[in-house]
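Below is the file model02.cif, which contains mmCIF, C-alpha atoms (C1' of nucleotides).
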data_my_file
#
loop_
_atom_site.label_atom_id
_atom_site.label_comp_id
_atom_site.auth_asym_id
_atom_site.auth_seq_id
_atom_site.Cartn_x
_atom_site.Cartn_y
_atom_site.Cartn_z
CA MET X 1 -23.91 13.95 -32.10
CA ALA X 2 -20.93 13.11 -34.27
CA ASP X 3 -22.56 14.56 -37.39
CA ASP X 4 -23.06 18.00 -35.85
CA GLN X 5 -19.42 18.27 -35.02
CA ALA X 6 -18.22 16.98 -38.39
CA ARG X 7 -20.09 19.71 -40.27
CA ARG X 8 -18.38 22.65 -38.62
CA PRO X 9 -15.76 24.35 -40.83
CA ARG X 10 -13.32 25.34 -38.07
CA GLY X 11 -12.35 24.35 -34.58
CA PRO X 12 -11.83 20.75 -33.52
CA ARG X 13 -12.69 18.15 -36.11
CA GLY X 14 -13.86 14.73 -34.85
CA ASN X 15 -16.37 14.23 -32.03
CA TYR X 16 -14.11 15.43 -29.27
CA ALA X 17 -16.81 15.57 -26.64
CA LYS X 18 -17.50 11.87 -26.90
CA THR X 19 -13.80 11.04 -26.73
CA ALA X 20 -13.30 13.28 -23.72
CA ALA X 21 -16.21 11.62 -21.93
CA ARG X 22 -14.76 8.20 -22.74
CA ARG X 23 -11.37 9.25 -21.40
CA GLN X 24 -12.97 10.51 -18.21
CA ALA X 25 -14.87 7.24 -17.79
CA ILE X 26 -11.59 5.35 -18.18
CA ILE X 27 -9.87 7.57 -15.60
CA ASP X 28 -12.74 7.02 -13.14
CA ALA X 29 -12.58 3.27 -13.63
CA ALA X 30 -8.79 3.31 -13.28
CA THR X 31 -9.10 5.26 -10.01
CA GLU X 32 -11.41 2.54 -8.72
CA VAL X 33 -9.25 -0.36 -9.85
CA PHE X 34 -5.93 1.14 -8.75
CA GLY X 35 -7.54 1.94 -5.42
CA GLU X 36 -8.74 -1.61 -4.92
CA SER X 37 -5.78 -3.54 -6.29
CA GLY X 38 -2.93 -1.06 -6.61
CA TYR X 39 -1.15 -0.17 -9.81
CA ARG X 40 0.73 -3.34 -10.52
CA ALA X 41 -1.93 -5.83 -9.49
CA GLY X 42 -4.73 -3.83 -11.04
CA SER X 43 -5.11 -4.98 -14.63
CA MET X 44 -5.90 -3.10 -17.80
CA ARG X 45 -8.45 -5.81 -18.54
CA GLU X 46 -10.36 -5.01 -15.36
CA ILE X 47 -10.37 -1.29 -16.17
CA ALA X 48 -11.49 -1.96 -19.73
CA ASP X 49 -14.28 -4.24 -18.51
CA ARG X 50 -15.69 -1.57 -16.21
CA CYS X 51 -15.91 0.85 -19.14
CA GLY X 52 -17.49 -1.71 -21.43
CA LEU X 53 -14.37 -1.59 -23.59
CA SER X 54 -11.94 -4.16 -24.88
CA GLU X 55 -8.36 -4.08 -23.71
CA ALA X 56 -7.11 -2.90 -27.08
CA GLY X 57 -9.81 -0.23 -27.20
CA LEU X 58 -8.57 1.10 -23.88
CA LEU X 59 -5.00 1.19 -25.14
CA HIS X 60 -6.12 3.37 -28.02
CA HIS X 61 -6.85 6.17 -25.56
CA PHE X 62 -3.91 5.58 -23.23
CA PRO X 63 -1.02 3.88 -25.06
CA THR X 64 0.53 2.31 -21.93
CA LYS X 65 -0.51 1.53 -18.39
CA ALA X 66 2.00 4.01 -16.99
CA VAL X 67 0.54 6.84 -19.09
CA LEU X 68 -2.90 6.02 -17.74
CA LEU X 69 -1.57 6.22 -14.19
CA GLU X 70 -0.04 9.62 -14.91
CA ASN X 71 -3.43 10.90 -16.03
CA VAL X 72 -5.16 9.49 -12.97
CA LEU X 73 -2.65 11.18 -10.68
CA SER X 74 -2.64 14.53 -12.47
CA LEU X 75 -6.36 14.69 -11.81
CA GLY X 76 -5.54 14.42 -8.13
CA GLY X 77 -2.88 17.03 -8.68
CA GLU X 78 -5.61 19.55 -9.30
CA LEU X 79 -6.61 19.15 -5.68
CA ASP X 80 -3.04 19.33 -4.44
CA ALA X 81 -2.45 22.39 -6.58
CA HIS X 82 -4.79 24.24 -4.29
CA ILE X 83 -2.16 24.05 -1.58
CA ARG X 84 0.71 24.87 -3.86
CA ASP X 85 -0.85 27.86 -5.58
CA HIS X 86 -2.55 29.47 -2.62
CA PRO X 87 0.07 30.47 -0.07
CA PRO X 88 -2.12 31.79 2.73
CA GLU X 89 -1.35 34.97 4.57
CA SER X 90 -1.32 33.34 8.00
CA GLY X 91 -0.40 30.00 9.55
CA ILE X 92 -3.87 29.59 11.00
CA LEU X 93 -5.44 30.05 7.57
CA LEU X 94 -3.10 27.41 6.16
CA LEU X 95 -4.21 24.93 8.81
CA ARG X 96 -7.80 25.66 7.97
CA GLY X 97 -6.97 25.06 4.31
CA MET X 98 -5.57 21.66 5.22
CA VAL X 99 -8.75 20.74 7.04
CA ALA X 100 -10.79 21.83 4.03
CA LEU X 101 -8.55 19.78 1.72
CA ALA X 102 -9.01 16.71 3.89
CA ARG X 103 -12.76 17.27 3.82
CA ARG X 104 -12.74 17.36 0.03
CA ASN X 105 -10.48 14.33 -0.33
CA VAL X 106 -12.74 12.13 1.79
CA ALA X 107 -15.71 13.27 -0.25
CA VAL X 108 -14.38 11.78 -3.52
CA PRO X 109 -15.36 8.10 -3.50
CA GLY X 110 -12.44 5.72 -3.81
CA ARG X 111 -9.87 8.51 -3.87
CA MET X 112 -8.58 7.95 -0.32
CA GLU X 113 -8.21 4.24 -0.94
CA MET X 114 -6.32 4.85 -4.15
CA ILE X 115 -3.93 7.30 -2.52
CA THR X 116 -3.25 4.97 0.41
CA THR X 117 -2.70 1.99 -1.86
CA LEU X 118 -0.49 3.78 -4.37
CA ILE X 119 1.63 5.51 -1.72
CA ALA X 120 2.65 2.18 -0.24
CA GLU X 121 3.34 0.63 -3.60
CA ALA X 122 5.25 3.66 -4.85
CA GLN X 123 7.94 3.26 -2.18
CA ARG X 124 9.93 1.41 -4.85
CA PRO X 125 12.21 3.81 -6.73
CA ASP X 126 11.27 2.22 -10.06
CA HIS X 127 7.52 2.67 -9.54
CA PRO X 128 5.94 5.05 -12.08
CA ALA X 129 4.42 7.13 -9.28
CA HIS X 130 7.48 7.15 -7.00
CA GLN X 131 8.58 10.69 -7.76
CA TYR X 132 5.03 12.02 -7.66
CA PHE X 133 4.35 10.86 -4.11
CA ARG X 134 7.84 11.81 -2.98
CA ASP X 135 7.20 15.35 -4.11
CA ARG X 136 3.70 15.35 -2.65
CA LEU X 137 4.92 14.32 0.81
CA ARG X 138 7.74 16.84 0.66
CA MET X 139 5.29 19.56 -0.34
CA ILE X 140 2.93 18.79 2.51
CA ALA X 141 5.86 18.76 4.94
CA ASP X 142 7.10 22.12 3.70
CA HIS X 143 3.69 23.70 4.04
CA PHE X 144 3.23 22.51 7.58
CA GLY X 145 6.73 23.75 8.35
CA ILE X 146 5.88 27.21 7.06
CA ALA X 147 2.53 27.26 8.81
CA PHE X 148 3.90 26.50 12.25
CA ALA X 149 6.88 28.78 11.83
CA ARG X 150 4.42 31.62 11.33
CA ILE X 151 2.19 30.45 14.14
CA ALA X 152 5.18 30.36 16.48
CA ALA X 153 6.26 33.83 15.33
CA ASP X 154 2.77 35.12 16.07
CA GLY X 155 3.01 33.72 19.59
CA LEU X 156 0.09 31.35 19.03
CA LEU X 157 2.01 28.06 19.51
CA ARG X 158 1.99 26.08 22.75
CA ASP X 159 4.98 27.02 24.85
CA ASP X 160 6.17 23.44 25.29
CA LEU X 161 6.47 22.74 21.54
CA THR X 162 8.90 23.89 18.87
CA ALA X 163 7.54 24.74 15.43
CA GLU X 164 9.27 21.67 13.99
CA GLN X 165 7.71 19.32 16.53
CA ALA X 166 4.27 20.79 15.97
CA ALA X 167 4.65 20.44 12.19
CA ARG X 168 5.61 16.77 12.52
CA ILE X 169 2.67 16.05 14.82
CA ALA X 170 0.24 17.82 12.49
CA MET X 171 1.56 15.91 9.51
CA SER X 172 1.39 12.55 11.27
CA ALA X 173 -2.20 13.31 12.21
CA MET X 174 -3.11 14.02 8.61
CA LEU X 175 -1.40 10.92 7.25
CA GLY X 176 -2.81 8.75 10.02
CA LEU X 177 -6.35 9.94 9.41
CA GLU X 178 -5.94 9.14 5.72
CA ARG X 179 -5.26 5.55 6.68
CA LEU X 180 -7.90 5.37 9.37
CA ALA X 181 -10.42 6.63 6.82
CA THR X 182 -10.12 3.37 4.90
CA ALA X 183 -11.37 1.33 7.87
CA GLU X 184 -15.07 0.73 7.38
CA TRP X 185 -15.90 1.10 11.09
CA ALA X 186 -14.21 4.49 11.31
CA ASP X 187 -17.41 6.44 10.68
CA PHE X 188 -16.51 9.65 12.45
CA ASP X 189 -15.88 13.04 10.84
CA HIS X 190 -12.23 12.83 9.81
CA ALA X 191 -11.83 16.47 8.89
CA ASP X 192 -13.29 17.57 12.20
CA GLU X 193 -10.92 15.25 14.05
CA LEU X 194 -8.02 16.80 12.17
CA ARG X 195 -9.20 20.28 13.16
CA ARG X 196 -9.33 19.17 16.79
CA THR X 197 -5.77 17.80 16.61
CA PHE X 198 -4.46 21.04 15.15
CA GLY X 199 -6.17 22.87 17.98
CA LEU X 200 -4.20 20.91 20.56
CA LEU X 201 -1.00 22.37 19.18
CA LEU X 202 -2.13 25.95 19.74
CA LYS X 203 -1.98 27.98 22.88
CA SER X 204 -5.72 28.61 22.66
CA GLY X 205 -6.48 24.90 22.46
CA THR X 206 -8.81 25.13 19.47
CA LEU X 207 -8.65 25.97 15.78
CA PRO X 208 -11.57 28.21 14.78
CA ASP X 209 -13.74 26.54 12.14
CA MET D 210 8.07 -34.03 8.85
CA ALA D 211 5.55 -36.59 10.02
CA ASP D 212 7.89 -39.44 9.06
CA ASP D 213 10.80 -38.03 11.02
CA GLN D 214 8.68 -37.67 14.08
CA ALA D 215 7.38 -41.22 13.77
CA ARG D 216 10.82 -42.76 13.43
CA ARG D 217 12.80 -41.13 16.17
CA PRO D 218 12.04 -41.96 19.78
CA ARG D 219 13.46 -38.72 21.26
CA GLY D 220 15.58 -35.69 20.47
CA PRO D 221 16.25 -34.13 17.05
CA ARG D 222 17.88 -36.26 14.40
CA GLY D 223 19.16 -34.52 11.22
CA ASN D 224 20.74 -31.08 11.06
CA TYR D 225 17.69 -29.20 12.24
CA ALA D 226 19.70 -26.13 13.08
CA LYS D 227 20.71 -25.72 9.46
CA THR D 228 17.11 -26.04 8.26
CA ALA D 229 15.89 -23.57 10.86
CA ALA D 230 18.56 -21.09 9.82
CA ARG D 231 17.57 -21.52 6.18
CA ARG D 232 13.91 -20.94 7.02
CA GLN D 233 14.83 -17.78 8.92
CA ALA D 234 16.91 -16.52 6.00
CA ILE D 235 13.92 -17.08 3.71
CA ILE D 236 11.61 -15.19 6.08
CA ASP D 237 14.06 -12.29 6.25
CA ALA D 238 14.31 -12.15 2.47
CA ALA D 239 10.53 -12.39 2.13
CA THR D 240 10.13 -9.50 4.59
CA GLU D 241 12.41 -7.42 2.39
CA VAL D 242 10.74 -8.36 -0.87
CA PHE D 243 7.16 -8.03 0.39
CA GLY D 244 8.14 -4.69 1.89
CA GLU D 245 9.56 -3.41 -1.38
CA SER D 246 7.06 -4.85 -3.83
CA GLY D 247 4.09 -6.02 -1.80
CA TYR D 248 2.78 -9.55 -1.65
CA ARG D 249 1.33 -9.89 -5.10
CA ALA D 250 4.00 -8.10 -7.07
CA GLY D 251 6.82 -9.58 -4.99
CA SER D 252 7.86 -12.83 -6.63
CA MET D 253 9.02 -16.13 -5.20
CA ARG D 254 11.89 -15.98 -7.69
CA GLU D 255 13.15 -12.74 -6.19
CA ILE D 256 12.97 -14.17 -2.67
CA ALA D 257 14.71 -17.36 -3.74
CA ASP D 258 17.46 -15.38 -5.47
CA ARG D 259 18.22 -13.36 -2.34
CA CYS D 260 18.72 -16.61 -0.39
CA GLY D 261 20.86 -18.16 -3.10
CA LEU D 262 18.16 -20.76 -3.65
CA SER D 263 16.19 -21.95 -6.64
CA GLU D 264 12.47 -21.38 -6.74
CA ALA D 265 11.76 -25.06 -6.23
CA GLY D 266 14.20 -25.19 -3.34
CA LEU D 267 12.31 -22.37 -1.67
CA LEU D 268 9.01 -24.17 -2.19
CA HIS D 269 10.42 -27.16 -0.35
CA HIS D 270 10.46 -25.12 2.87
CA PHE D 271 7.21 -23.22 2.27
CA PRO D 272 4.85 -25.12 -0.03
CA THR D 273 2.96 -22.04 -1.26
CA LYS D 274 3.45 -18.30 -1.39
CA ALA D 275 0.51 -17.75 0.98
CA VAL D 276 2.04 -20.06 3.60
CA LEU D 277 5.26 -18.08 3.40
CA LEU D 278 3.32 -14.86 4.00
CA GLU D 279 1.64 -16.38 7.03
CA ASN D 280 5.02 -17.19 8.52
CA VAL D 281 6.34 -13.71 7.83
CA LEU D 282 3.31 -12.17 9.53
CA SER D 283 3.28 -14.49 12.52
CA LEU D 284 6.79 -13.31 13.27
CA GLY D 285 5.35 -9.84 13.57
CA GLY D 286 2.54 -11.30 15.62
CA GLU D 287 5.03 -12.01 18.35
CA LEU D 288 5.47 -8.28 18.71
CA ASP D 289 1.75 -7.60 18.59
CA ALA D 290 1.16 -10.33 21.14
CA HIS D 291 2.91 -8.11 23.64
CA ILE D 292 -0.06 -5.75 23.50
CA ARG D 293 -2.64 -8.49 23.54
CA ASP D 294 -1.19 -10.48 26.41
CA HIS D 295 -0.13 -7.66 28.69
CA PRO D 296 -3.21 -5.67 29.70
CA PRO D 297 -1.63 -2.93 31.79
CA GLU D 298 -3.08 -1.81 35.06
CA SER D 299 -3.35 1.85 34.07
CA GLY D 300 -4.05 3.87 30.93
CA ILE D 301 -0.80 5.77 31.28
CA LEU D 302 1.16 2.51 31.36
CA LEU D 303 -0.63 1.36 28.23
CA LEU D 304 0.37 4.52 26.39
CA ARG D 305 3.95 3.97 27.48
CA GLY D 306 3.71 0.43 26.16
CA MET D 307 2.59 1.75 22.79
CA VAL D 308 5.58 4.08 22.65
CA ALA D 309 7.88 1.17 23.47
CA LEU D 310 6.25 -0.97 20.79
CA ALA D 311 6.74 1.77 18.21
CA ARG D 312 10.38 2.04 19.27
CA ARG D 313 10.88 -1.68 18.73
CA ASN D 314 9.06 -1.77 15.39
CA VAL D 315 11.21 0.99 13.91
CA ALA D 316 14.31 -0.87 15.08
CA VAL D 317 13.65 -3.94 12.90
CA PRO D 318 15.03 -3.15 9.45
CA GLY D 319 12.47 -3.32 6.66
CA ARG D 320 9.64 -4.21 9.02
CA MET D 321 7.92 -0.81 8.92
CA GLU D 322 8.05 -0.75 5.14
CA MET D 323 6.58 -4.23 4.92
CA ILE D 324 3.72 -3.38 7.26
CA THR D 325 2.90 -0.17 5.40
CA THR D 326 3.00 -1.88 2.04
CA LEU D 327 0.98 -4.93 3.03
CA ILE D 328 -1.67 -2.91 4.88
CA ALA D 329 -2.46 -0.97 1.74
CA GLU D 330 -2.52 -4.06 -0.43
CA ALA D 331 -4.59 -6.04 2.07
CA GLN D 332 -7.54 -3.65 1.76
CA ARG D 333 -8.95 -6.13 -0.76
CA PRO D 334 -11.13 -8.70 0.98
CA ASP D 335 -9.59 -11.54 -1.03
CA HIS D 336 -6.03 -10.70 0.02
CA PRO D 337 -4.38 -13.42 2.15
CA ALA D 338 -3.49 -10.91 4.85
CA HIS D 339 -6.82 -9.04 4.84
CA GLN D 340 -8.18 -10.58 8.03
CA TYR D 341 -4.85 -10.31 9.81
CA PHE D 342 -4.55 -6.55 9.37
CA ARG D 343 -8.26 -6.03 10.01
CA ASP D 344 -7.86 -7.71 13.37
CA ARG D 345 -4.64 -5.85 14.07
CA LEU D 346 -6.21 -2.43 13.48
CA ARG D 347 -9.26 -3.37 15.52
CA MET D 348 -7.03 -4.55 18.37
CA ILE D 349 -5.02 -1.34 18.38
CA ALA D 350 -8.24 0.69 18.34
CA ASP D 351 -9.67 -1.28 21.25
CA HIS D 352 -6.54 -0.83 23.33
CA PHE D 353 -6.46 2.91 22.80
CA GLY D 354 -10.15 3.02 23.65
CA ILE D 355 -9.56 1.23 26.94
CA ALA D 356 -6.50 3.32 27.74
CA PHE D 357 -8.24 6.66 27.37
CA ALA D 358 -11.40 5.49 29.12
CA ARG D 359 -9.24 4.77 32.16
CA ILE D 360 -7.29 7.99 31.79
CA ALA D 361 -10.56 9.93 31.67
CA ALA D 362 -11.87 8.05 34.71
CA ASP D 363 -8.69 8.94 36.58
CA GLY D 364 -9.25 12.61 35.74
CA LEU D 365 -6.02 12.84 33.75
CA LEU D 366 -7.58 13.70 30.38
CA ARG D 367 -7.78 17.22 28.99
CA ASP D 368 -11.14 18.76 29.82
CA ASP D 369 -11.95 19.70 26.24
CA LEU D 370 -11.65 16.11 24.90
CA THR D 371 -13.81 13.03 25.23
CA ALA D 372 -12.09 9.68 25.69
CA GLU D 373 -13.23 8.63 22.22
CA GLN D 374 -11.78 11.72 20.58
CA ALA D 375 -8.48 11.30 22.39
CA ALA D 376 -8.29 7.64 21.37
CA ARG D 377 -8.84 8.51 17.71
CA ILE D 378 -6.20 11.23 17.80
CA ALA D 379 -3.69 8.92 19.47
CA MET D 380 -4.35 6.20 16.94
CA SER D 381 -4.04 8.54 13.98
CA ALA D 382 -0.74 9.74 15.36
CA MET D 383 0.59 6.19 15.59
CA LEU D 384 -0.54 5.24 12.11
CA GLY D 385 0.70 8.51 10.65
CA LEU D 386 4.14 8.09 12.20
CA GLU D 387 4.34 4.59 10.75
CA ARG D 388 3.96 6.10 7.32
CA LEU D 389 6.22 9.05 7.95
CA ALA D 390 8.87 6.60 9.11
CA THR D 391 9.23 5.29 5.57
CA ALA D 392 10.29 8.69 4.25
CA GLU D 393 14.06 8.78 4.09
CA TRP D 394 14.32 12.42 5.16
CA ALA D 395 12.23 11.87 8.29
CA ASP D 396 15.24 11.27 10.49
CA PHE D 397 13.74 12.31 13.82
CA ASP D 398 12.96 10.04 16.77
CA HIS D 399 9.53 8.67 15.88
CA ALA D 400 8.84 7.04 19.22
CA ASP D 401 9.68 10.24 21.05
CA GLU D 402 7.38 12.21 18.76
CA LEU D 403 4.62 9.75 19.57
CA ARG D 404 5.22 10.20 23.28
CA ARG D 405 4.97 13.96 22.84
CA THR D 406 1.66 13.63 20.98
CA PHE D 407 0.20 11.45 23.72
CA GLY D 408 1.25 14.08 26.21
CA LEU D 409 -0.80 16.73 24.43
CA LEU D 410 -3.92 14.74 25.19
CA LEU D 411 -3.32 14.77 28.93
CA LYS D 412 -4.13 17.46 31.41
CA SER D 413 -0.51 17.54 32.51
CA GLY D 414 0.70 18.12 28.94
CA THR D 415 3.38 15.43 29.01
CA LEU D 416 3.64 11.66 29.20
CA PRO D 417 6.39 10.62 31.63
CA ASP D 418 9.10 8.63 29.84
"C1'" DG H 419 -12.48 4.10 -32.64
"C1'" DT H 420 -13.04 -0.51 -31.56
"C1'" DC H 421 -12.47 -5.10 -32.38
"C1'" DT H 422 -10.02 -10.17 -32.71
"C1'" DA H 423 -5.90 -12.49 -32.72
"C1'" DT H 424 -1.44 -12.95 -31.23
"C1'" DA H 425 3.39 -12.03 -29.61
"C1'" DT H 426 6.15 -12.05 -25.58
"C1'" DA H 427 7.15 -12.51 -20.92
"C1'" DG H 428 6.70 -13.49 -15.95
"C1'" DC H 429 4.15 -15.78 -12.54
"C1'" DG H 430 3.18 -19.94 -9.03
"C1'" DA H 431 3.43 -24.58 -8.78
"C1'" DT H 432 4.53 -29.64 -10.08
"C1'" DA H 433 7.42 -33.79 -11.50
"C1'" DG H 434 11.22 -36.23 -11.19
"C1'" DA H 435 16.48 -36.65 -11.25
"C1'" DC H 436 20.38 -36.38 -8.08
"C1'" DG E 437 17.34 -30.73 0.40
"C1'" DT E 438 18.15 -28.83 -3.93
"C1'" DC E 439 18.19 -28.92 -8.65
"C1'" DT E 440 16.37 -28.66 -13.94
"C1'" DA E 441 12.57 -28.74 -16.82
"C1'" DT E 442 8.05 -27.79 -17.74
"C1'" DC E 443 3.02 -26.86 -17.34
"C1'" DG E 444 -0.87 -23.67 -17.17
"C1'" DC E 445 -2.17 -19.19 -16.34
"C1'" DT E 446 -2.33 -14.16 -16.73
"C1'" DA E 447 -0.27 -9.95 -17.81
"C1'" DT E 448 0.97 -5.87 -21.19
"C1'" DA E 449 1.31 -4.62 -25.64
"C1'" DT E 450 1.15 -5.03 -30.89
"C1'" DA E 451 -0.84 -5.99 -35.72
"C1'" DG E 452 -4.21 -5.66 -38.68
"C1'" DA E 453 -9.26 -6.25 -39.97
"C1'" DC E 454 -13.58 -3.65 -39.83
#

Rewrite the coordinates I just gave you, this time as structure tokens.
Amino acid sequence: MADDQARRPRGPRGNYAKTAARRQAIIDAATEVFGESGYRAGSMREIADRCGLSEAGLLHHFPTKAVLLENVLSLGGELDAHIRDHPPESGILLLRGMVALARRNVAVPGRMEMITTLIAEAQRPDHPAHQYFRDRLRMIADHFGIAFARIAADGLLRDDLTAEQAARIAMSAMLGLERLATAEWADFDHADELRRTFGLLLKSGTLPD
Amino acid sequence: MADDQARRPRGPRGNYAKTAARRQAIIDAATEVFGESGYRAGSMREIADRCGLSEAGLLHHFPTKAVLLENVLSLGGELDAHIRDHPPESGILLLRGMVALARRNVAVPGRMEMITTLIAEAQRPDHPAHQYFRDRLRMIADHFGIAFARIAADGLLRDDLTAEQAARIAMSAMLGLERLATAEWADFDHADELRRTFGLLLKSGTLPD
DNA sequence: GTCTATATAGCGATAGAC
DNA sequence: GTCTATCGCTATATAGAC
């Protein structure tokens, strides 16, 4: 595998594919470990062990622990980017997008646990992921705010709620389900439950699937 | 402690008040530190420093870090005991009790942060507080289950929801608001927002205050 | 690119003086 | 009841051999 790559006259030199695969394996292991133990308590040794690597070998790919965390989070950012880069044309569509996002997040093994664990830990201003989660929460809040402002303008919101109240309730539901999802006995369909909650906020009583 | 008890026939001897005050100061500091850094990352040194005590001096009052955590949590248990020991006669009253509990929890400075932080950390089965938070979540789930079963039986539940669905939504709302409460820009009345959410689940649309 | 060996630092906890 | 001093452990990160 390495020899094929080395013989090519142009393009990347070393065996990049192998390195990329190794990096991905490290990121996957780090997601697991950070999810189980958090950032600070999760050790580089544990991550290295799960990749069949020594600690120093791991540090060759990611020079510090904080850099590794950044890479783990930016992977998650690709999911979040879906919200950021796709401003939907209607509030209802945005709610549906949130349900879809929740569905995808639960599907990635260990991801929910990692997010829950890191969010709590990152409350500290000096935590490497503090700013990231601050921005993420703010972004989610803004999007719900926009969604319900439009829904209210379209006359689809329940009469006894303001757009701000509805946005806060919707956001609490999403955050709460994230936490409930980590309980092993909570074996219901989280995304569907979120859809049902959103429906309660509308005049019609349901959010179309 | 055993020696003191053996020697004195009745009534307290030494300056017990001073010791009790010191213990309380330690618990307050530990609540802060565990809330900011979590149990594992939060150090006994940091806690000792905030009390103006040396590390060894702190360990005189609480022999190990785990024992200190137990004492910090059992303080919170006094709040939780309110739910456990006061089975209300109606589902509506139970919901009102939950709103009141939320109101009290937010009022204790640093308590919400500590709970959020420790819950995430205690996902690991080997964490000293794992069982405690497992039981706590289970207890909350059970109480919501009972509450909405009664509400449904009384014909007060929305027609398009089952009691189980309503209980899950209510619980998610409570957990989500706990997390939202730690965001510094979320300066709304969390307990009132919870009351509003509960109202959405009822046929009447509102939960009486 | 991966290893062994090591530097450096912080942790919880103990021993014993005062 | 509180201190200083210290032990034993684990952590991140570096240096240099292969």

| query | Which residues come within 9 Å of stretch 422-424 of chain H, counting all atoms listed in the file, excluding same-chain residues fewer than 3 positions away, as a PyMOL selection string? | reply | chain E and resi 450-451+453

| task | Could you tell me how far atom CA of D:Gly306 lies from atom CA of D:Thr326, in Å and to one decimal? | result | 24.2 Å

| task | List the neighbours of stretch 124-130 of chain X out to 7 Å using all atoms listed in the file; skip same-chain residues closer than 6 positions along the sequence, and give me the result as a VMD selection string. | result | (chain X and resid 66) or (chain D and resid 245 to 246)

| task | Run the PyMOL selection byres ((chain D and resi 408) around 12) mentally over the shown coordinates, then write out the matched residues as number ranges by chain, using the chain letters and numbers from the document. | result | X: 160-161, 169, 200-201; D: 301, 304-305, 308, 360, 365-367, 375, 378-379, 382, 401-407, 409-418

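Computed from the coordinates, the atom CA of X:Ala122 to atom CA of D:Val315 distance equals 19.9 Å.
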
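Residues lying within 10 Å of H:DC429, counting all atoms listed in the file and ignoring same-chain neighbours fewer than 4 positions away, are D:Arg249, D:Ala250, D:Ser252, D:Met253, D:Arg254, E:DC445, E:DT446, E:DA447.
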
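The interatomic distance for the pair atom CA of D:Thr228 and atom CA of D:Val317 works out to 22.8 Å.
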
Just say which residues the PyMOL selection byres ((chain E) within 10 of (chain D)) picks in this file, as a PDB file with C-alpha atoms (C1' of nucleotides), keeping the file's coordinate frame.
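This went into part-v1.pdb:
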ATOM      1  C1'  DG E 437      17.340 -30.730   0.400  1.00  0.00           C
ATOM      2  C1'  DT E 438      18.150 -28.830  -3.930  1.00  0.00           C
ATOM      3  C1'  DC E 439      18.190 -28.920  -8.650  1.00  0.00           C
ATOM      4  C1'  DT E 440      16.370 -28.660 -13.940  1.00  0.00           C
TER       5       DT E 440
END

| message | Can you translate the PyMOL selection byres ((chain H) within 10 of (chain D)) into the concrete residues it hits in this file, as a list in words? | response | DG428, DC429, DG430, DA431 and DT432 of chain H

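Among the candidates X:Leu68, X:Ala21, X:Ala186, X:Ala152, the one nearest to chain D when counting all atoms listed in the file is X:Ala186.
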
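Closest approach to chain D among X:Val33, X:Ala149, X:Ala183, X:Leu175 is made by X:Leu175 (distances from all atoms listed in the file).
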
| Out of D:Asn280, D:Thr240, D:Thr391, D:Ser299, which residue has the shortest atom-to-atom distance to chain X when counting all atoms listed in the file? | D:Thr391

| said: Using all atoms listed in the file - which residues lie no farther than 6 Å from the point (8.6, -29.8, -12.8) in the file's frame? Write them as a PyMOL selection string. | reply: (chain H and resi 432-433) or (chain E and resi 441-442)

| said: Here is a test: counting only C-alpha atoms, which residue of D:Arg359, D:Arg343, D:Arg232, D:His352 is nearest to chain X? | reply: D:Arg343

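Between chain D and the candidates X:Ala120, X:Leu137, X:Ile115, X:Ala191, the tightest atom-to-atom separation, counting all atoms listed in the file, involves X:Ala120.
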
Using the file's own x, y and z axes, so that the box edges lie along x, y and z, what centre and edge lengths in Å (one decimal) does a box around every listed atom of stretch 422-425 of chain H get when 4 Å is added on each side? Give it as JSON.
{"center_x": -3.3, "center_y": -11.6, "center_z": -31.2, "size_x": 21.4, "size_y": 10.8, "size_z": 11.1}

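Distances from D:Pro297, D:Gly261, D:Gly251, D:Pro318 to chain X were compared using all atoms listed in the file, and the smallest one belongs to D:Gly251.
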